[in-house]
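Peer 1: Next comes the structure file model.txt, holding compact mmCIF, C-alpha atoms.
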```txt
# COMPACT_ATOMS: atom_id res chain seq x y z
CA MET A 24 -59.48 -25.93 -5.86
CA PRO A 25 -58.88 -23.02 -3.54
CA THR A 26 -57.35 -25.18 -0.80
CA GLU A 27 -54.24 -25.82 -2.96
CA SER A 28 -53.28 -22.21 -3.24
CA PRO A 29 -51.11 -22.06 -0.06
CA THR A 30 -48.68 -24.62 -1.49
CA ILE A 31 -47.99 -22.49 -4.54
CA THR A 32 -46.26 -19.75 -2.63
CA PRO A 33 -43.34 -21.79 -1.23
CA LYS A 34 -42.78 -23.49 -4.60
CA SER A 35 -42.57 -20.21 -6.41
CA LYS A 36 -40.25 -18.93 -3.69
CA GLN A 37 -38.04 -21.96 -4.22
CA LEU A 38 -37.95 -21.37 -7.96
CA THR A 39 -36.97 -17.76 -7.40
CA GLN A 40 -34.23 -18.92 -5.03
CA LEU A 41 -32.87 -21.40 -7.57
CA SER A 42 -32.76 -18.85 -10.33
CA LYS A 43 -30.67 -16.35 -8.39
CA PRO A 44 -27.16 -16.18 -9.83
CA TRP A 45 -24.00 -17.00 -7.91
CA ASN A 46 -21.34 -14.34 -7.54
CA VAL A 47 -17.65 -15.19 -7.76
CA ILE A 48 -15.69 -12.91 -5.44
CA ILE A 49 -11.99 -12.14 -5.18
CA TYR A 50 -10.82 -10.86 -1.80
CA ASP A 51 -7.88 -8.60 -1.07
CA ASP A 52 -4.73 -10.04 0.46
CA PRO A 53 -1.40 -8.46 1.36
CA VAL A 54 0.77 -10.66 -0.84
CA ASN A 55 -0.50 -11.02 -4.39
CA LEU A 56 0.90 -8.42 -6.77
CA MET A 57 -1.68 -6.16 -8.38
CA GLU A 58 -0.46 -6.89 -11.89
CA TYR A 59 -0.71 -10.61 -11.18
CA VAL A 60 -4.32 -10.31 -9.99
CA THR A 61 -5.16 -8.46 -13.22
CA LYS A 62 -3.42 -11.12 -15.27
CA VAL A 63 -5.29 -13.95 -13.54
CA ILE A 64 -8.67 -12.25 -14.01
CA MET A 65 -7.91 -11.78 -17.72
CA ARG A 66 -6.75 -15.38 -18.14
CA ILE A 67 -9.63 -17.07 -16.32
CA PHE A 68 -12.55 -14.88 -17.39
CA GLY A 69 -11.25 -13.58 -20.70
CA TYR A 70 -11.89 -9.95 -19.79
CA PRO A 71 -9.98 -7.13 -21.52
CA LYS A 72 -7.18 -5.57 -19.50
CA SER A 73 -9.14 -2.39 -18.70
CA GLN A 74 -11.99 -4.37 -17.12
CA ALA A 75 -9.66 -6.73 -15.27
CA SER A 76 -7.63 -3.77 -13.95
CA SER A 77 -10.78 -2.09 -12.73
CA MET A 78 -11.80 -5.25 -10.85
CA MET A 79 -8.32 -5.59 -9.40
CA LEU A 80 -8.47 -2.01 -8.13
CA GLU A 81 -11.86 -2.70 -6.57
CA VAL A 82 -10.33 -5.68 -4.76
CA HIS A 83 -7.43 -3.52 -3.62
CA ASN A 84 -9.48 -0.50 -2.53
CA LEU A 85 -12.68 -2.07 -1.25
CA GLY A 86 -11.40 -5.45 -0.10
CA ARG A 87 -13.43 -7.51 -2.57
CA SER A 88 -14.87 -7.52 -6.04
CA ILE A 89 -17.56 -9.57 -7.73
CA VAL A 90 -15.81 -10.72 -10.88
CA TRP A 91 -18.46 -12.99 -12.37
CA SER A 92 -22.11 -13.99 -11.84
CA GLY A 93 -23.97 -16.97 -13.18
CA GLU A 94 -24.80 -20.60 -12.60
CA LYS A 95 -23.45 -22.38 -9.56
CA GLU A 96 -21.42 -25.12 -11.26
CA ARG A 97 -19.50 -22.66 -13.38
CA ALA A 98 -18.94 -20.38 -10.39
CA GLU A 99 -17.44 -23.33 -8.51
CA LEU A 100 -15.08 -24.00 -11.39
CA TYR A 101 -13.97 -20.38 -11.52
CA VAL A 102 -13.38 -20.29 -7.76
CA GLN A 103 -11.25 -23.41 -8.04
CA GLN A 104 -9.19 -21.84 -10.83
CA LEU A 105 -8.70 -18.70 -8.74
CA HIS A 106 -7.57 -20.83 -5.79
CA GLU A 107 -5.10 -22.67 -8.02
CA ALA A 108 -3.69 -19.24 -8.90
CA GLN A 109 -3.37 -18.61 -5.13
CA LEU A 110 -5.96 -15.85 -5.02
CA THR A 111 -8.34 -15.71 -2.06
CA ALA A 112 -11.75 -16.26 -3.58
CA GLY A 113 -15.23 -17.39 -2.70
CA MET A 114 -18.78 -17.44 -3.99
CA GLU A 115 -22.15 -16.40 -2.68
CA GLN A 116 -25.64 -16.41 -4.04
CA SER A 117 -26.79 -13.04 -5.22
CA ASP A 118 -29.66 -11.47 -3.30
CA LYS A 119 -31.05 -10.02 -6.52
CA MET B 21 23.40 -13.21 -7.79
CA LYS B 22 22.14 -11.38 -10.82
CA LEU B 23 18.70 -11.74 -12.34
CA GLY B 24 17.56 -10.47 -15.70
CA PRO B 25 15.52 -11.16 -18.82
CA THR B 26 17.13 -12.66 -21.92
CA ILE B 27 16.38 -11.82 -25.54
CA ASP B 28 14.94 -15.31 -26.08
CA GLY B 29 12.25 -14.76 -23.44
CA ARG B 30 13.67 -16.35 -20.32
CA ILE B 31 14.95 -15.13 -16.97
CA LYS B 32 18.64 -15.71 -16.36
CA ILE B 33 19.91 -16.36 -12.86
CA GLU B 34 23.64 -15.80 -12.55
CA ILE B 35 25.32 -17.32 -9.55
CA ASP B 36 28.12 -15.16 -8.15
CA HIS B 37 29.00 -17.26 -5.11
CA SER B 38 27.80 -20.31 -3.24
CA GLY B 39 25.74 -18.19 -0.86
CA ASP B 40 23.36 -17.52 -3.71
CA PHE B 41 22.20 -21.12 -3.64
CA TYR B 42 21.64 -20.72 0.09
CA LEU B 43 19.22 -17.87 -0.59
CA LEU B 44 17.39 -19.91 -3.23
CA ALA B 45 17.25 -22.87 -0.84
CA GLU B 46 15.81 -20.52 1.79
CA MET B 47 13.08 -19.65 -0.68
CA LEU B 48 12.18 -23.33 -1.00
CA GLN B 49 12.19 -23.70 2.77
CA ASP B 50 9.98 -20.65 3.23
CA ALA B 51 7.63 -21.91 0.53
CA ALA B 52 7.31 -25.30 2.19
CA GLY B 53 7.60 -24.21 5.81
CA ASP B 54 5.25 -25.08 8.63
CA GLU B 55 2.72 -27.02 6.60
CA GLN B 56 2.55 -23.96 4.41
CA THR B 57 0.79 -25.64 1.52
CA THR B 58 -2.08 -26.77 3.74
CA HIS B 59 -2.18 -23.33 5.27
CA LEU B 60 -2.22 -21.75 1.82
CA ALA B 61 -5.08 -23.96 0.67
CA ASN B 62 -7.00 -22.95 3.80
CA HIS B 63 -6.10 -19.33 3.18
CA VAL B 64 -7.38 -19.12 -0.39
CA GLY B 65 -10.59 -20.89 0.61
CA GLN B 66 -11.18 -19.05 3.88
CA HIS B 67 -14.37 -17.41 2.61
CA LEU B 68 -15.96 -20.71 1.62
CA ASP B 69 -18.05 -22.73 4.02
CA ASP B 70 -18.37 -25.79 1.88
CA GLU B 71 -17.76 -29.41 2.91
CA ASP B 72 -17.36 -30.47 -0.72
CA TRP B 73 -14.57 -27.95 -1.16
CA GLU B 74 -12.81 -29.31 1.92
CA GLU B 75 -13.19 -32.88 0.70
CA PHE B 76 -12.61 -32.57 -3.03
CA VAL B 77 -10.84 -29.33 -3.89
CA LYS B 78 -8.52 -28.59 -0.99
CA PRO B 79 -6.53 -31.85 -1.25
CA ASP B 80 -5.89 -31.17 -4.95
CA LEU B 81 -4.72 -27.65 -4.16
CA VAL B 82 -2.30 -28.93 -1.53
CA VAL B 83 -0.87 -31.42 -4.05
CA LYS B 84 -0.56 -28.76 -6.74
CA PHE B 85 1.19 -26.26 -4.47
CA LYS B 86 3.63 -28.95 -3.29
CA GLN B 87 4.28 -30.04 -6.87
CA ASP B 88 5.18 -26.48 -7.84
CA ILE B 89 7.78 -26.36 -5.06
CA LEU B 90 9.12 -29.76 -6.10
CA THR B 91 9.52 -28.59 -9.71
CA VAL B 92 11.63 -25.61 -8.65
CA SER B 93 13.52 -27.72 -6.12
CA ASN B 94 14.53 -30.16 -8.85
CA ILE B 95 15.73 -27.34 -11.13
CA LEU B 96 17.81 -25.82 -8.34
CA ALA B 97 19.22 -29.19 -7.27
CA ALA B 98 20.34 -29.93 -10.83
CA ALA B 99 21.94 -26.49 -11.16
CA GLN B 100 23.75 -26.89 -7.88
CA ASP B 101 24.88 -30.46 -8.59
CA GLU B 102 26.32 -29.40 -11.94
CA GLN B 103 27.82 -26.28 -10.34
CA GLN B 104 26.19 -24.14 -12.99
CA LYS B 105 27.15 -20.48 -12.93
CA GLU B 106 23.94 -19.56 -14.63
CA PHE B 107 20.62 -21.16 -15.29
CA PHE B 108 17.27 -20.04 -16.66
CA ILE B 109 13.60 -19.80 -15.85
CA SER B 110 11.63 -20.53 -19.00
CA SER B 111 7.96 -19.88 -19.64
CA GLU B 112 7.41 -23.61 -19.27
CA ASP B 113 8.41 -23.48 -15.60
CA ALA B 114 7.26 -19.93 -14.92
CA ALA B 115 3.99 -20.88 -13.22
CA ALA B 116 5.80 -23.25 -10.84
CA TRP B 117 8.41 -20.59 -10.05
CA TYR B 118 5.81 -17.89 -9.52
CA SER B 119 3.76 -20.20 -7.29
CA THR B 120 6.80 -21.17 -5.23
CA VAL B 121 7.93 -17.58 -4.72
CA ASN B 122 4.38 -16.62 -3.83
CA GLN B 123 4.18 -19.40 -1.26
CA ALA B 124 7.46 -18.18 0.25
CA ARG B 125 6.08 -14.63 0.44
CA ILE B 126 2.83 -15.80 2.00
CA PHE B 127 4.81 -17.70 4.62
CA LEU B 128 6.91 -14.63 5.46
CA GLU B 129 3.83 -12.44 5.58
CA GLY B 130 2.07 -14.84 7.94
CA LYS B 131 5.07 -14.97 10.25
CA TYR B 132 6.41 -11.39 10.11
CA GLU B 133 3.62 -9.24 8.60
CA LEU B 134 6.11 -7.49 6.32
CA SER B 135 3.32 -5.68 4.49
CA GLU B 136 2.64 -3.72 7.69
CA LEU B 137 6.07 -2.08 7.55
CA ASP B 138 6.38 1.48 6.24
CA GLU B 139 7.60 1.89 2.68
CA GLU B 140 10.49 3.86 4.16
CA TYR B 141 11.32 1.07 6.63
CA ASP B 142 15.07 0.78 7.17
CA PRO B 143 16.06 -2.77 8.17
CA ILE B 144 19.46 -1.58 9.44
CA SER B 145 17.98 0.59 12.18
CA GLY B 146 14.88 -1.57 12.69
CA ASP B 147 14.16 -4.79 14.53
CA PRO B 148 17.22 -7.10 14.12
CA ASP B 149 14.90 -10.12 13.88
CA LEU B 150 13.32 -8.60 10.78
CA VAL B 151 16.53 -8.03 8.80
CA GLU B 152 16.69 -11.47 7.21
CA PRO B 153 12.98 -11.84 6.40
CA PHE B 154 12.91 -8.26 5.11
CA VAL B 155 15.81 -8.85 2.73
CA LYS B 156 14.42 -12.20 1.62
CA GLY B 157 11.00 -10.65 1.09
CA ARG B 158 12.48 -7.94 -1.13
CA PHE B 159 14.38 -10.52 -3.15
CA TYR B 160 11.27 -12.64 -3.61
CA ILE B 161 9.28 -9.65 -4.86
CA GLN B 162 12.02 -8.76 -7.36
CA LEU B 163 12.15 -12.30 -8.69
CA GLN B 164 8.37 -12.56 -8.84
CA SER B 165 8.06 -9.21 -10.63
CA LEU B 166 10.59 -10.30 -13.27
CA ILE B 167 8.72 -13.54 -13.89
CA LEU B 168 5.47 -11.64 -14.16
CA GLU B 169 6.85 -9.02 -16.52
CA TYR B 170 8.89 -11.14 -18.89
CA LEU B 171 7.45 -14.65 -18.97
CA GLU B 172 4.22 -15.98 -20.40
CA PHE B 173 2.34 -18.27 -18.02
```
Please rewrite the model in this file as structure tokens.

Peer 2:
Amino acid sequence: MPTESPTITPKSKQLTQLSKPWNVIIYDDPVNLMEYVTKVIMRIFGYPKSQASSMMLEVHNLGRSIVWSGEKERAELYVQQLHEAQLTAGMEQSDK
Amino acid sequence: MKLGPTIDGRIKIEIDHSGDFYLLAEMLQDAAGDEQTTHLANHVGQHLDDEDWEEFVKPDLVVKFKQDILTVSNILAAAQDEQQKEFFISSEDAAAWYSTVNQARIFLEGKYELSELDEEYDPISGDPDLVEPFVKGRFYIQLQSLILEYLEF
């Protein structure tokens, strides 16, 4: 059935789109203390202090850091927890 | 006013004179000022373009931030009513305290952009309108740093 082949392409594109992970991002702000940002990253994501500190420094020096990637629902939960901790955070779908 | 950690894992606030309660009341006012909690919720979510977040998450954040201020307000009101010369921040209330101080700092930053000032900034020779927010801002950072260093939350 050669006539069906054109419909396959968009479906496979959609599947690829759905499977792309979501990135949780923390943005820099002038108020939150660096040690606090590290502490929040450790508490929410369970990272060791060295990794959390490295992410905090990336936020501080580059303005943002991707702190987690994965499925959308979990990313939403993490963003909400970061907001409750008064960190500026968002999420975006990875382009990879 | 004197602030310091205790050996049993709390922060002690010693009141030296009645003006100290004024400064703490100012902190509450800064934290709550100008629809601050709504502003703060908008601020933390500024990079999201999500109607669900606006509808379902933001209202909860506003309630939580207000509740934190109310918790600290009640502690301070009780201390003032009982004319306590000292009272404590325990780990149990640390998150509410930290949140409230943070909200006060965010309010000051939004209004006066204190983070833009040089580290060597001298409030005495600087803009007279910045003296009070500068001093309050420094106090808030000291209090927040103590909570962060000595309390589990």

Peer 1: Applying 8 Å and all atoms listed in the file, which residues near stretch 108-113 of chain A remain after dropping the ones on its own chain fewer than 4 positions away? List them as a list in words.

Peer 2: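 That gives Val47, Ile48, Ile49, Tyr50, Asp51, Asp52, Asn55, Val60, Val63, Val102 and Gln104 of chain A; Leu60, His63, Val64, Gly65, Gln66, His67, Leu68 and Ser119 of chain B.
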
Peer 1: Counting all atoms listed in the file, give me one row per residue of chain B with an atom at most 10 Å from an atom of chain A, showing the shortest contact pair and its distance in Å to one decimal, sorted by chain then residue number, as CSV.

Peer 2:
```
residue,atom,partner,partner_atom,distance
B:Leu60,CA,A:Gln109,CA,7.7
B:Ala61,CA,A:His106,CA,7.6
B:Asn62,CA,A:Thr111,CA,9.4
B:His63,CA,A:Thr111,CA,6.8
B:Val64,CA,A:Thr111,CA,3.9
B:Gly65,CA,A:Thr111,CA,6.2
B:Gln66,CA,A:Thr111,CA,7.4
B:His67,CA,A:Gly113,CA,5.4
B:Leu68,CA,A:Gly113,CA,5.5
B:Asp69,CA,A:Gly113,CA,9.0
B:Trp73,CA,A:Gln103,CA,8.9
B:Val77,CA,A:Gln103,CA,7.2
B:Lys78,CA,A:Gln103,CA,9.2
B:Asp80,CA,A:Glu107,CA,9.1
B:Leu81,CA,A:Glu107,CA,6.3
B:Val82,CA,A:Glu107,CA,9.4
B:Lys84,CA,A:Glu107,CA,7.7
B:Phe85,CA,A:Glu107,CA,8.1
B:Ala115,CA,A:Ala108,CA,9.0
B:Tyr118,CA,A:Ala108,CA,9.6
B:Ser119,CA,A:Gln109,CA,7.6
B:Asn122,CA,A:Asn55,CA,7.4
B:Gln123,CA,A:Gln109,CA,8.5
B:Arg125,CA,A:Val54,CA,6.8
B:Ile126,CA,A:Val54,CA,6.2
B:Phe127,CA,A:Val54,CA,9.8
B:Leu128,CA,A:Val54,CA,9.7
B:Glu129,CA,A:Val54,CA,7.3
B:Gly130,CA,A:Pro53,CA,9.8
B:Glu133,CA,A:Pro53,CA,8.8
B:Leu134,CA,A:Pro53,CA,9.1
B:Ser135,CA,A:Pro53,CA,6.3
B:Glu136,CA,A:Pro53,CA,8.9
B:Ile161,CA,A:Leu56,CA,8.7
B:Gln164,CA,A:Leu56,CA,8.8
B:Ser165,CA,A:Leu56,CA,8.2
B:Leu168,CA,A:Tyr59,CA,6.9
B:Glu169,CA,A:Glu58,CA,8.9
B:Phe173,CA,A:Arg66,CA,9.5
```

Peer 1: Please provide the set of residues having any atom within 12 Å of B:Phe154, restricted to all atoms listed in the file, with same-chain residues fewer than 3 positions apart removed, written as a VMD selection string.

Peer 2: chain B and resid 125 128 to 129 131 to 139 141 to 144 146 to 151 157 to 161

Peer 1: Can you work out the spacing between atom CA of B:Met21 and atom CA of B:Ile35 in Å, to one decimal?

Peer 2: 4.9 Å

Peer 1: One decimal, in Å: what's the spacing between atom CA of A:Gln74 and atom CA of B:Glu172?

Peer 2: 20.2 Å

Peer 1: B:Ser93, B:Asp28, B:Gln104, B:Ile109: which is nearest B:Met47, counting all atoms listed in the file?

Peer 2: B:Ser93

Peer 1: So, with all atoms listed in the file as the atoms that count, which of B:Ala99, B:Ile27, B:Leu43, B:Ala52 lies closest to B:Ala124?

Peer 2: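 Answer, going by the shortest atom-to-atom distance: B:Ala52.
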
Peer 1: Atom CA of A:Ala75 to atom CA of B:Leu23: how many Å, to one decimal?

Peer 2: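 Distance reported for this atom pair: 28.9 Å.
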
Peer 1: If we count all atoms listed in the file, what is near A:Gly93 at a cut-off of 10 Å, once residues fewer than 4 positions away on the same chain are taken out, given as a list in words?

Peer 2: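 After dropping sequence-adjacent residues, the list is Ser42, Lys43, Pro44, Trp45, Asn46, Val47, Arg97, Ala98, Gln116 and Ser117 of chain A.
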
Peer 1: Store the residues picked out above in a file with C-alpha atoms, as a compact mmCIF listing (two decimals), in the coordinates of the input.

Peer 2:
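Printed below is out_11.txt as written:
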```txt
# COMPACT_ATOMS: atom_id res chain seq x y z
CA SER A 42 -32.76 -18.85 -10.33
CA LYS A 43 -30.67 -16.35 -8.39
CA PRO A 44 -27.16 -16.18 -9.83
CA TRP A 45 -24.00 -17.00 -7.91
CA ASN A 46 -21.34 -14.34 -7.54
CA VAL A 47 -17.65 -15.19 -7.76
CA ARG A 97 -19.50 -22.66 -13.38
CA ALA A 98 -18.94 -20.38 -10.39
CA GLN A 116 -25.64 -16.41 -4.04
CA SER A 117 -26.79 -13.04 -5.22
```

Peer 1: Using all atoms listed in the file, pick whichever of B:Lys32, B:Gly39, B:Tyr170, B:Leu44 has the shortest atom-to-atom distance to B:Ala97.

Peer 2: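 Closest candidate: B:Leu44.
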
Peer 1: Any idea what's packed within 12 Å of B:Lys105, counting all atoms listed in the file, ignoring anything in its chain fewer than 6 positions away? Could you give it as a list in words?

Peer 2: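 Selected residues are Met21, Lys22, Lys32, Ile33, Glu34, Ile35, Asp36, His37, Ser38, Asp40, Phe41, Leu96, Ala98 and Ala99 of chain B.
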